[in-house]
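Data from entry_36.cif: mmCIF, N, CA and C atoms
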```
data_data
loop_
_atom_site.label_atom_id
_atom_site.label_comp_id
_atom_site.auth_asym_id
_atom_site.auth_seq_id
_atom_site.Cartn_x
_atom_site.Cartn_y
_atom_site.Cartn_z
N MET A 1 136.35 91.92 168.04
CA MET A 1 135.19 91.10 168.28
C MET A 1 134.26 91.20 167.07
N ILE A 2 133.75 90.09 166.63
CA ILE A 2 132.80 90.05 165.52
C ILE A 2 131.45 89.62 166.08
N VAL A 3 130.42 90.39 165.75
CA VAL A 3 129.08 90.10 166.23
C VAL A 3 128.17 89.91 165.03
N TYR A 4 127.36 88.87 165.03
CA TYR A 4 126.42 88.61 163.96
C TYR A 4 125.10 89.30 164.28
N ILE A 5 124.59 90.07 163.34
CA ILE A 5 123.30 90.73 163.48
C ILE A 5 122.37 90.13 162.43
N ASP A 6 121.30 89.53 162.87
CA ASP A 6 120.37 88.87 161.95
C ASP A 6 119.31 89.87 161.46
N LYS A 7 119.80 90.91 160.78
CA LYS A 7 118.90 91.95 160.27
C LYS A 7 119.58 92.62 159.08
N ALA A 8 118.81 92.89 158.04
CA ALA A 8 119.37 93.58 156.87
C ALA A 8 119.66 95.03 157.25
N LEU A 9 120.90 95.45 157.08
CA LEU A 9 121.30 96.81 157.43
C LEU A 9 121.49 97.70 156.21
N ALA A 10 121.46 97.10 155.04
CA ALA A 10 121.63 97.89 153.81
C ALA A 10 120.89 97.18 152.68
N PHE A 11 120.50 97.97 151.69
CA PHE A 11 119.86 97.43 150.51
C PHE A 11 120.80 97.58 149.33
N TYR A 12 120.68 96.69 148.37
CA TYR A 12 121.46 96.82 147.16
C TYR A 12 120.93 98.00 146.38
N ARG A 13 121.81 98.85 145.93
CA ARG A 13 121.41 100.06 145.22
C ARG A 13 122.13 100.11 143.89
N GLN A 14 121.39 100.28 142.82
CA GLN A 14 121.96 100.38 141.48
C GLN A 14 122.02 101.86 141.10
N HIS A 15 123.18 102.31 140.63
CA HIS A 15 123.32 103.70 140.17
C HIS A 15 124.32 103.75 139.03
N ASP A 16 124.45 104.93 138.41
CA ASP A 16 125.25 105.08 137.20
C ASP A 16 126.71 104.71 137.37
N SER A 17 127.27 104.90 138.54
CA SER A 17 128.70 104.68 138.69
C SER A 17 129.03 103.36 139.39
N ASN A 18 128.09 102.40 139.39
CA ASN A 18 128.39 101.09 139.94
C ASN A 18 129.58 100.45 139.22
N LEU A 19 130.44 99.81 139.96
CA LEU A 19 131.52 99.06 139.35
C LEU A 19 131.03 97.74 138.79
N TYR A 20 130.00 97.18 139.42
CA TYR A 20 129.44 95.90 139.00
C TYR A 20 127.93 96.06 138.90
N GLY A 21 127.32 95.15 138.19
CA GLY A 21 125.87 95.18 138.09
C GLY A 21 125.42 95.48 136.67
N TRP A 22 124.17 95.76 136.55
CA TRP A 22 123.55 95.98 135.26
C TRP A 22 123.89 97.37 134.76
N ASN A 23 124.50 97.46 133.61
CA ASN A 23 124.84 98.74 132.99
C ASN A 23 123.96 98.94 131.77
N ARG A 24 122.88 99.64 131.94
CA ARG A 24 122.04 99.93 130.79
C ARG A 24 122.62 101.11 130.04
N PRO A 25 122.45 101.16 128.73
CA PRO A 25 122.98 102.29 127.98
C PRO A 25 122.24 103.58 128.35
N LEU A 26 122.99 104.67 128.42
CA LEU A 26 122.37 105.95 128.74
C LEU A 26 121.58 106.47 127.55
N GLU A 27 120.42 107.00 127.83
CA GLU A 27 119.58 107.61 126.82
C GLU A 27 119.75 109.12 126.90
N PHE A 28 119.95 109.75 125.75
CA PHE A 28 120.22 111.18 125.75
C PHE A 28 119.07 111.98 126.34
N PHE A 29 117.84 111.74 125.89
CA PHE A 29 116.71 112.57 126.31
C PHE A 29 116.19 112.23 127.70
N SER A 30 116.33 111.00 128.13
CA SER A 30 115.81 110.64 129.45
C SER A 30 116.86 110.66 130.56
N ASP A 31 118.13 110.49 130.21
CA ASP A 31 119.18 110.43 131.23
C ASP A 31 120.12 111.63 131.20
N ILE A 32 120.64 111.94 130.03
CA ILE A 32 121.70 112.93 129.93
C ILE A 32 121.16 114.35 129.89
N LEU A 33 120.18 114.63 129.03
CA LEU A 33 119.66 115.99 128.89
C LEU A 33 119.10 116.56 130.19
N PRO A 34 118.26 115.82 130.93
CA PRO A 34 117.78 116.37 132.20
C PRO A 34 118.91 116.68 133.19
N TYR A 35 119.94 115.83 133.20
CA TYR A 35 121.10 116.07 134.07
C TYR A 35 121.81 117.36 133.68
N LEU A 36 122.01 117.54 132.39
CA LEU A 36 122.75 118.71 131.91
C LEU A 36 122.00 120.00 132.13
N LEU A 37 120.67 119.95 132.17
CA LEU A 37 119.88 121.17 132.27
C LEU A 37 119.46 121.53 133.68
N THR A 38 119.76 120.70 134.65
CA THR A 38 119.40 121.04 136.03
C THR A 38 120.55 121.77 136.70
N ASN A 39 120.21 122.69 137.55
CA ASN A 39 121.19 123.50 138.26
C ASN A 39 121.76 122.70 139.44
N PRO A 40 123.07 122.49 139.48
CA PRO A 40 123.65 121.66 140.54
C PRO A 40 123.89 122.39 141.85
N THR A 41 123.65 123.70 141.91
CA THR A 41 124.05 124.45 143.10
C THR A 41 123.33 124.01 144.36
N ASP A 42 122.11 123.48 144.23
CA ASP A 42 121.38 123.04 145.41
C ASP A 42 122.13 121.94 146.15
N ASN A 43 122.79 121.07 145.42
CA ASN A 43 123.47 119.92 146.03
C ASN A 43 124.93 120.19 146.38
N LEU A 44 125.55 121.16 145.73
CA LEU A 44 127.00 121.33 145.88
C LEU A 44 127.43 121.67 147.30
N HIS A 45 126.68 122.53 147.98
CA HIS A 45 127.04 122.90 149.35
C HIS A 45 126.96 121.68 150.26
N ALA A 46 125.90 120.90 150.12
CA ALA A 46 125.75 119.71 150.95
C ALA A 46 126.85 118.68 150.65
N LEU A 47 127.16 118.50 149.38
CA LEU A 47 128.23 117.56 149.00
C LEU A 47 129.58 118.01 149.55
N GLN A 48 129.83 119.31 149.52
CA GLN A 48 131.07 119.84 150.07
C GLN A 48 131.15 119.57 151.57
N GLN A 49 130.06 119.83 152.28
CA GLN A 49 130.06 119.62 153.73
C GLN A 49 130.22 118.14 154.09
N VAL A 50 129.56 117.27 153.35
CA VAL A 50 129.68 115.83 153.62
C VAL A 50 131.12 115.38 153.39
N SER A 51 131.73 115.85 152.31
CA SER A 51 133.12 115.48 152.01
C SER A 51 134.06 115.97 153.11
N GLU A 52 133.86 117.21 153.56
CA GLU A 52 134.70 117.75 154.64
C GLU A 52 134.52 116.95 155.92
N ARG A 53 133.29 116.56 156.21
CA ARG A 53 133.01 115.80 157.42
C ARG A 53 133.63 114.40 157.35
N CYS A 54 133.56 113.76 156.18
CA CYS A 54 134.19 112.43 156.01
C CYS A 54 135.69 112.53 156.22
N ALA A 55 136.31 113.59 155.68
CA ALA A 55 137.75 113.79 155.87
C ALA A 55 138.07 113.97 157.34
N GLU A 56 137.24 114.72 158.03
CA GLU A 56 137.46 114.98 159.45
C GLU A 56 137.34 113.69 160.27
N ILE A 57 136.33 112.89 159.96
CA ILE A 57 136.13 111.62 160.68
C ILE A 57 137.33 110.70 160.47
N LEU A 58 137.76 110.55 159.21
CA LEU A 58 138.91 109.69 158.93
C LEU A 58 140.17 110.21 159.62
N ASN A 59 140.35 111.51 159.61
CA ASN A 59 141.52 112.11 160.24
C ASN A 59 141.52 111.89 161.75
N ASN A 60 140.35 112.03 162.37
CA ASN A 60 140.26 111.88 163.82
C ASN A 60 140.35 110.43 164.29
N THR A 61 139.92 109.49 163.46
CA THR A 61 139.93 108.09 163.89
C THR A 61 141.20 107.35 163.50
N ARG A 62 142.02 107.92 162.64
CA ARG A 62 143.19 107.19 162.16
C ARG A 62 144.21 106.91 163.28
N HIS A 63 144.19 107.70 164.33
CA HIS A 63 145.15 107.52 165.43
C HIS A 63 144.92 106.21 166.19
N ASN A 64 143.71 105.68 166.10
CA ASN A 64 143.36 104.45 166.83
C ASN A 64 143.53 103.20 165.97
N LEU A 65 144.15 103.34 164.81
CA LEU A 65 144.24 102.23 163.87
C LEU A 65 145.67 101.69 163.76
N THR A 66 145.79 100.49 163.20
CA THR A 66 147.11 99.92 162.94
C THR A 66 147.74 100.66 161.76
N ASP A 67 149.03 100.42 161.53
CA ASP A 67 149.80 101.16 160.53
C ASP A 67 149.16 101.22 159.15
N ILE A 68 148.80 100.06 158.60
CA ILE A 68 148.25 100.04 157.24
C ILE A 68 146.91 100.78 157.18
N TRP A 69 146.10 100.64 158.23
CA TRP A 69 144.81 101.32 158.25
C TRP A 69 144.98 102.80 158.52
N GLN A 70 146.02 103.19 159.24
CA GLN A 70 146.33 104.61 159.40
C GLN A 70 146.65 105.24 158.05
N GLN A 71 147.46 104.53 157.26
CA GLN A 71 147.81 105.03 155.93
C GLN A 71 146.58 105.16 155.05
N ARG A 72 145.72 104.17 155.09
CA ARG A 72 144.50 104.21 154.29
C ARG A 72 143.56 105.32 154.73
N ALA A 73 143.44 105.50 156.03
CA ALA A 73 142.58 106.57 156.54
C ALA A 73 143.14 107.94 156.15
N THR A 74 144.45 108.09 156.22
CA THR A 74 145.09 109.34 155.82
C THR A 74 144.86 109.61 154.34
N MET A 75 145.02 108.58 153.52
CA MET A 75 144.79 108.73 152.09
C MET A 75 143.31 109.04 151.80
N GLY A 76 142.41 108.36 152.48
CA GLY A 76 140.98 108.62 152.31
C GLY A 76 140.61 110.04 152.71
N ALA A 77 141.17 110.51 153.81
CA ALA A 77 140.90 111.88 154.26
C ALA A 77 141.38 112.89 153.23
N ALA A 78 142.56 112.65 152.65
CA ALA A 78 143.08 113.55 151.62
C ALA A 78 142.18 113.56 150.39
N ARG A 79 141.67 112.40 150.02
CA ARG A 79 140.77 112.33 148.86
C ARG A 79 139.46 113.06 149.13
N TYR A 80 138.93 112.92 150.33
CA TYR A 80 137.70 113.64 150.66
C TYR A 80 137.93 115.15 150.71
N ARG A 81 139.11 115.57 151.18
CA ARG A 81 139.42 117.01 151.16
C ARG A 81 139.50 117.53 149.73
N LEU A 82 140.11 116.75 148.84
CA LEU A 82 140.17 117.13 147.43
C LEU A 82 138.77 117.22 146.83
N LEU A 83 137.92 116.26 147.16
CA LEU A 83 136.55 116.28 146.67
C LEU A 83 135.81 117.51 147.19
N ALA A 84 136.01 117.85 148.45
CA ALA A 84 135.39 119.05 149.02
C ALA A 84 135.87 120.30 148.29
N ASP A 85 137.15 120.34 147.94
CA ASP A 85 137.70 121.47 147.19
C ASP A 85 137.07 121.55 145.79
N LEU A 86 136.87 120.40 145.16
CA LEU A 86 136.23 120.39 143.83
C LEU A 86 134.80 120.90 143.92
N TYR A 87 134.06 120.48 144.94
CA TYR A 87 132.69 120.96 145.11
C TYR A 87 132.66 122.47 145.40
N ALA A 88 133.62 122.96 146.18
CA ALA A 88 133.67 124.39 146.46
C ALA A 88 133.96 125.19 145.20
N ALA A 89 134.90 124.71 144.38
CA ALA A 89 135.21 125.40 143.12
C ALA A 89 134.01 125.35 142.18
N ARG A 90 133.34 124.24 142.15
CA ARG A 90 132.17 124.12 141.28
C ARG A 90 131.04 125.02 141.76
N LYS A 91 130.91 125.17 143.07
CA LYS A 91 129.90 126.07 143.61
C LYS A 91 130.20 127.51 143.18
N ARG A 92 131.47 127.90 143.22
CA ARG A 92 131.86 129.25 142.75
C ARG A 92 131.57 129.40 141.26
N LEU A 93 131.78 128.34 140.50
CA LEU A 93 131.53 128.37 139.07
C LEU A 93 130.07 128.71 138.77
N TYR A 94 129.16 128.20 139.57
CA TYR A 94 127.73 128.41 139.32
C TYR A 94 127.14 129.62 140.04
N THR A 95 127.84 130.17 141.00
CA THR A 95 127.25 131.28 141.76
C THR A 95 127.88 132.63 141.49
N SER A 96 129.05 132.66 140.90
CA SER A 96 129.72 133.93 140.68
C SER A 96 129.10 134.70 139.51
N ALA A 97 128.92 136.00 139.70
CA ALA A 97 128.41 136.87 138.64
C ALA A 97 129.53 137.37 137.73
N ILE A 98 130.77 137.12 138.12
CA ILE A 98 131.92 137.64 137.38
C ILE A 98 132.53 136.50 136.55
N LEU A 99 132.60 136.72 135.24
CA LEU A 99 133.10 135.70 134.32
C LEU A 99 134.52 135.26 134.70
N ALA A 100 135.39 136.20 135.04
CA ALA A 100 136.78 135.85 135.38
C ALA A 100 136.83 134.89 136.58
N GLU A 101 135.94 135.07 137.55
CA GLU A 101 135.91 134.17 138.71
C GLU A 101 135.39 132.79 138.31
N ARG A 102 134.42 132.74 137.39
CA ARG A 102 133.92 131.45 136.92
C ARG A 102 135.01 130.71 136.15
N VAL A 103 135.75 131.44 135.32
CA VAL A 103 136.85 130.82 134.57
C VAL A 103 137.92 130.31 135.55
N LYS A 104 138.23 131.09 136.56
CA LYS A 104 139.23 130.69 137.55
C LYS A 104 138.77 129.41 138.29
N ALA A 105 137.50 129.33 138.64
CA ALA A 105 136.97 128.15 139.32
C ALA A 105 137.03 126.94 138.38
N PHE A 106 136.68 127.14 137.12
CA PHE A 106 136.73 126.04 136.14
C PHE A 106 138.16 125.56 135.96
N LEU A 107 139.10 126.48 135.84
CA LEU A 107 140.51 126.11 135.67
C LEU A 107 141.06 125.40 136.91
N ARG A 108 140.55 125.76 138.07
CA ARG A 108 140.96 125.10 139.32
C ARG A 108 140.56 123.61 139.25
N ILE A 109 139.35 123.36 138.77
CA ILE A 109 138.88 121.97 138.65
C ILE A 109 139.71 121.22 137.61
N VAL A 110 139.94 121.86 136.47
CA VAL A 110 140.71 121.22 135.39
C VAL A 110 142.14 120.95 135.84
N SER A 111 142.76 121.90 136.51
CA SER A 111 144.18 121.76 136.90
C SER A 111 144.41 120.65 137.92
N THR A 112 143.38 120.27 138.65
CA THR A 112 143.51 119.18 139.61
C THR A 112 142.92 117.88 139.06
N SER A 113 142.71 117.84 137.73
CA SER A 113 142.10 116.68 137.07
C SER A 113 140.76 116.33 137.70
N GLY A 114 140.02 117.35 138.05
CA GLY A 114 138.75 117.17 138.74
C GLY A 114 137.66 116.52 137.93
N TYR A 115 137.80 116.50 136.61
CA TYR A 115 136.77 115.89 135.77
C TYR A 115 137.09 114.43 135.43
N ARG A 116 138.03 113.83 136.14
CA ARG A 116 138.31 112.40 135.93
C ARG A 116 137.06 111.63 136.38
N SER A 117 137.07 110.35 136.16
CA SER A 117 135.87 109.55 136.45
C SER A 117 135.54 109.58 137.94
N LYS A 118 134.28 109.36 138.23
CA LYS A 118 133.85 109.32 139.63
C LYS A 118 134.51 108.18 140.39
N ARG A 119 134.81 107.10 139.68
CA ARG A 119 135.50 105.97 140.31
C ARG A 119 136.89 106.35 140.78
N SER A 120 137.43 107.40 140.20
CA SER A 120 138.77 107.88 140.57
C SER A 120 138.69 109.17 141.38
N TRP A 121 137.60 109.34 142.10
CA TRP A 121 137.40 110.49 142.98
C TRP A 121 137.31 111.80 142.20
N GLY A 122 136.67 111.78 141.06
CA GLY A 122 136.47 112.98 140.27
C GLY A 122 134.99 113.30 140.11
N LEU A 123 134.71 114.32 139.33
CA LEU A 123 133.33 114.75 139.11
C LEU A 123 132.69 114.06 137.91
N GLY A 124 133.50 113.54 137.00
CA GLY A 124 132.99 112.82 135.84
C GLY A 124 132.82 113.70 134.61
N ARG A 125 132.65 113.02 133.48
CA ARG A 125 132.54 113.72 132.19
C ARG A 125 131.25 114.50 132.05
N LYS A 126 130.15 113.99 132.61
CA LYS A 126 128.89 114.73 132.51
C LYS A 126 129.00 116.07 133.22
N ALA A 127 129.73 116.12 134.32
CA ALA A 127 129.92 117.39 135.03
C ALA A 127 130.73 118.35 134.17
N LEU A 128 131.72 117.83 133.44
CA LEU A 128 132.51 118.68 132.54
C LEU A 128 131.62 119.31 131.47
N VAL A 129 130.78 118.50 130.85
CA VAL A 129 129.89 119.02 129.81
C VAL A 129 128.93 120.05 130.39
N ARG A 130 128.36 119.76 131.54
CA ARG A 130 127.43 120.70 132.18
C ARG A 130 128.13 122.00 132.53
N ASP A 131 129.32 121.90 133.10
CA ASP A 131 130.05 123.10 133.50
C ASP A 131 130.44 123.95 132.30
N LEU A 132 130.83 123.30 131.21
CA LEU A 132 131.18 124.04 129.99
C LEU A 132 129.96 124.71 129.38
N CYS A 133 128.82 124.02 129.38
CA CYS A 133 127.62 124.54 128.73
C CYS A 133 126.83 125.50 129.59
N LEU A 134 126.79 125.26 130.89
CA LEU A 134 125.96 126.08 131.77
C LEU A 134 126.74 126.93 132.76
N GLY A 135 127.76 126.37 133.37
CA GLY A 135 128.47 127.07 134.43
C GLY A 135 129.31 128.23 133.92
N LEU A 136 130.16 127.97 132.95
CA LEU A 136 131.03 129.03 132.43
C LEU A 136 130.25 130.18 131.78
N PRO A 137 129.32 129.91 130.87
CA PRO A 137 128.66 131.02 130.19
C PRO A 137 127.85 131.92 131.12
N ALA A 138 127.08 131.32 132.01
CA ALA A 138 126.21 132.16 132.85
C ALA A 138 125.74 131.40 134.08
N GLY A 139 126.67 130.85 134.81
CA GLY A 139 126.33 130.05 135.98
C GLY A 139 125.45 130.74 136.98
N HIS A 140 125.71 132.01 137.25
CA HIS A 140 124.94 132.74 138.27
C HIS A 140 123.51 133.02 137.85
N LEU A 141 123.17 132.87 136.58
CA LEU A 141 121.83 133.14 136.10
C LEU A 141 120.90 131.95 136.24
N LEU A 142 121.46 130.77 136.58
CA LEU A 142 120.63 129.57 136.68
C LEU A 142 119.80 129.56 137.93
#
```
As structure tokens:
Amino acid sequence: MIVYIDKALAFYRQHDSNLYGWNRPLEFFSDILPYLLTNPTDNLHALQQVSERCAEILNNTRHNLTDIWQQRATMGAARYRLLADLYAARKRLYTSAILAERVKAFLRIVSTSGYRSKRSWGLGRKALVRDLCLGLPAGHLL
């Protein structure tokens, strides 16, 4: 059943990883430097939980779908679980006091191609630069 709702339910939102829309060039001092110097640990736990919850929702609802949508829901759930794993590894990278554990967390992200573009369910290149500059050397001190 299709129902028409005469009310705006969403607003257009412009952000860095839009596939379409206005792409302004990034400025180093106003866009990149503040991103690189802020500690990501505040958001990582929440991002991990949201990703796990999305995977759970897709997994639980896929049984009520047709074949093609079951496959898509299964694939989406797997991608969200991978994203949750990347956020968990990144959280360890920034919170561990032991260098070997930070290196292990970083290698976990690299080995799963976790720094691929955000459009491909990755963390992106800016996260790679931040993790190399801040997370590996002294993540727990941030």
Point to revise | Residue neighbourhood Glu52 (chain A), 6.5 Å, all atoms listed in the file, exclusion window fewer than 4 positions, as number ranges by chain | key: A: 47-48, 56-57, 80-81, 84
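Across the model, the gap from atom N of Ser51 (chain A) to atom N of Leu136 (chain A) is 22.9 Å.
Residues in contact with region 91-102 of chain A at up to 7 Å, not including ones fewer than 2 positions away on its chain and judged by only C-alpha atoms, are Thr41, Leu44, Tyr87, Ala88, Ala89, Lys104, Ala105, Phe106, Gly135, Leu136, Gly139 and His140 of chain A.
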**Study point:** Residue IDs satisfying the PyMOL selection byres ((chain A and resi 121-128) around 8), as a ChimeraX atom specification
**Key:** /A:32,35-36,79-80,82-83,86,113-120,129-134
Taking N, CA and C atoms for each residue, export the selection above as a short mmCIF file (atom, residue, chain, number, x, y, z; two decimals), in the frame of the given file.
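File written: part.cif
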```
data_model
loop_
_atom_site.label_atom_id
_atom_site.label_comp_id
_atom_site.auth_asym_id
_atom_site.auth_seq_id
_atom_site.Cartn_x
_atom_site.Cartn_y
_atom_site.Cartn_z
N ILE A 32 120.64 111.94 130.03
CA ILE A 32 121.70 112.93 129.93
C ILE A 32 121.16 114.35 129.89
N TYR A 35 119.94 115.83 133.20
CA TYR A 35 121.10 116.07 134.07
C TYR A 35 121.81 117.36 133.68
N LEU A 36 122.01 117.54 132.39
CA LEU A 36 122.75 118.71 131.91
C LEU A 36 122.00 120.00 132.13
N ARG A 79 141.67 112.40 150.02
CA ARG A 79 140.77 112.33 148.86
C ARG A 79 139.46 113.06 149.13
N TYR A 80 138.93 112.92 150.33
CA TYR A 80 137.70 113.64 150.66
C TYR A 80 137.93 115.15 150.71
N LEU A 82 140.11 116.75 148.84
CA LEU A 82 140.17 117.13 147.43
C LEU A 82 138.77 117.22 146.83
N LEU A 83 137.92 116.26 147.16
CA LEU A 83 136.55 116.28 146.67
C LEU A 83 135.81 117.51 147.19
N LEU A 86 136.87 120.40 145.16
CA LEU A 86 136.23 120.39 143.83
C LEU A 86 134.80 120.90 143.92
N SER A 113 142.71 117.84 137.73
CA SER A 113 142.10 116.68 137.07
C SER A 113 140.76 116.33 137.70
N GLY A 114 140.02 117.35 138.05
CA GLY A 114 138.75 117.17 138.74
C GLY A 114 137.66 116.52 137.93
N TYR A 115 137.80 116.50 136.61
CA TYR A 115 136.77 115.89 135.77
C TYR A 115 137.09 114.43 135.43
N ARG A 116 138.03 113.83 136.14
CA ARG A 116 138.31 112.40 135.93
C ARG A 116 137.06 111.63 136.38
N SER A 117 137.07 110.35 136.16
CA SER A 117 135.87 109.55 136.45
C SER A 117 135.54 109.58 137.94
N LYS A 118 134.28 109.36 138.23
CA LYS A 118 133.85 109.32 139.63
C LYS A 118 134.51 108.18 140.39
N ARG A 119 134.81 107.10 139.68
CA ARG A 119 135.50 105.97 140.31
C ARG A 119 136.89 106.35 140.78
N SER A 120 137.43 107.40 140.20
CA SER A 120 138.77 107.88 140.57
C SER A 120 138.69 109.17 141.38
N VAL A 129 130.78 118.50 130.85
CA VAL A 129 129.89 119.02 129.81
C VAL A 129 128.93 120.05 130.39
N ARG A 130 128.36 119.76 131.54
CA ARG A 130 127.43 120.70 132.18
C ARG A 130 128.13 122.00 132.53
N ASP A 131 129.32 121.90 133.10
CA ASP A 131 130.05 123.10 133.50
C ASP A 131 130.44 123.95 132.30
N LEU A 132 130.83 123.30 131.21
CA LEU A 132 131.18 124.04 129.99
C LEU A 132 129.96 124.71 129.38
N CYS A 133 128.82 124.02 129.38
CA CYS A 133 127.62 124.54 128.73
C CYS A 133 126.83 125.50 129.59
N LEU A 134 126.79 125.26 130.89
CA LEU A 134 125.96 126.08 131.77
C LEU A 134 126.74 126.93 132.76
#
```
Practice item. Would you write out, as a PyMOL selection string, every residue that the PyMOL selection byres ((chain A and resi 58) around 8) captures in this file? Key: chain A and resi 52-57+59-63+72-78
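Here atom N of Asn39 (chain A) is placed at a distance of 12.2 Å from CA of Ala138 (chain A).
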Review point. So how many Å separate atom N of Asp42 (chain A) and CA of Arg90 (chain A), to one decimal?
Key: 10.5 Å
**Study point:** Secondary structure check, alpha helix (DSSP H) residues of region 21-108 of chain A, as a PyMOL selection string
**Key:** chain A and resi 33-37+41-61+67-95+99-108
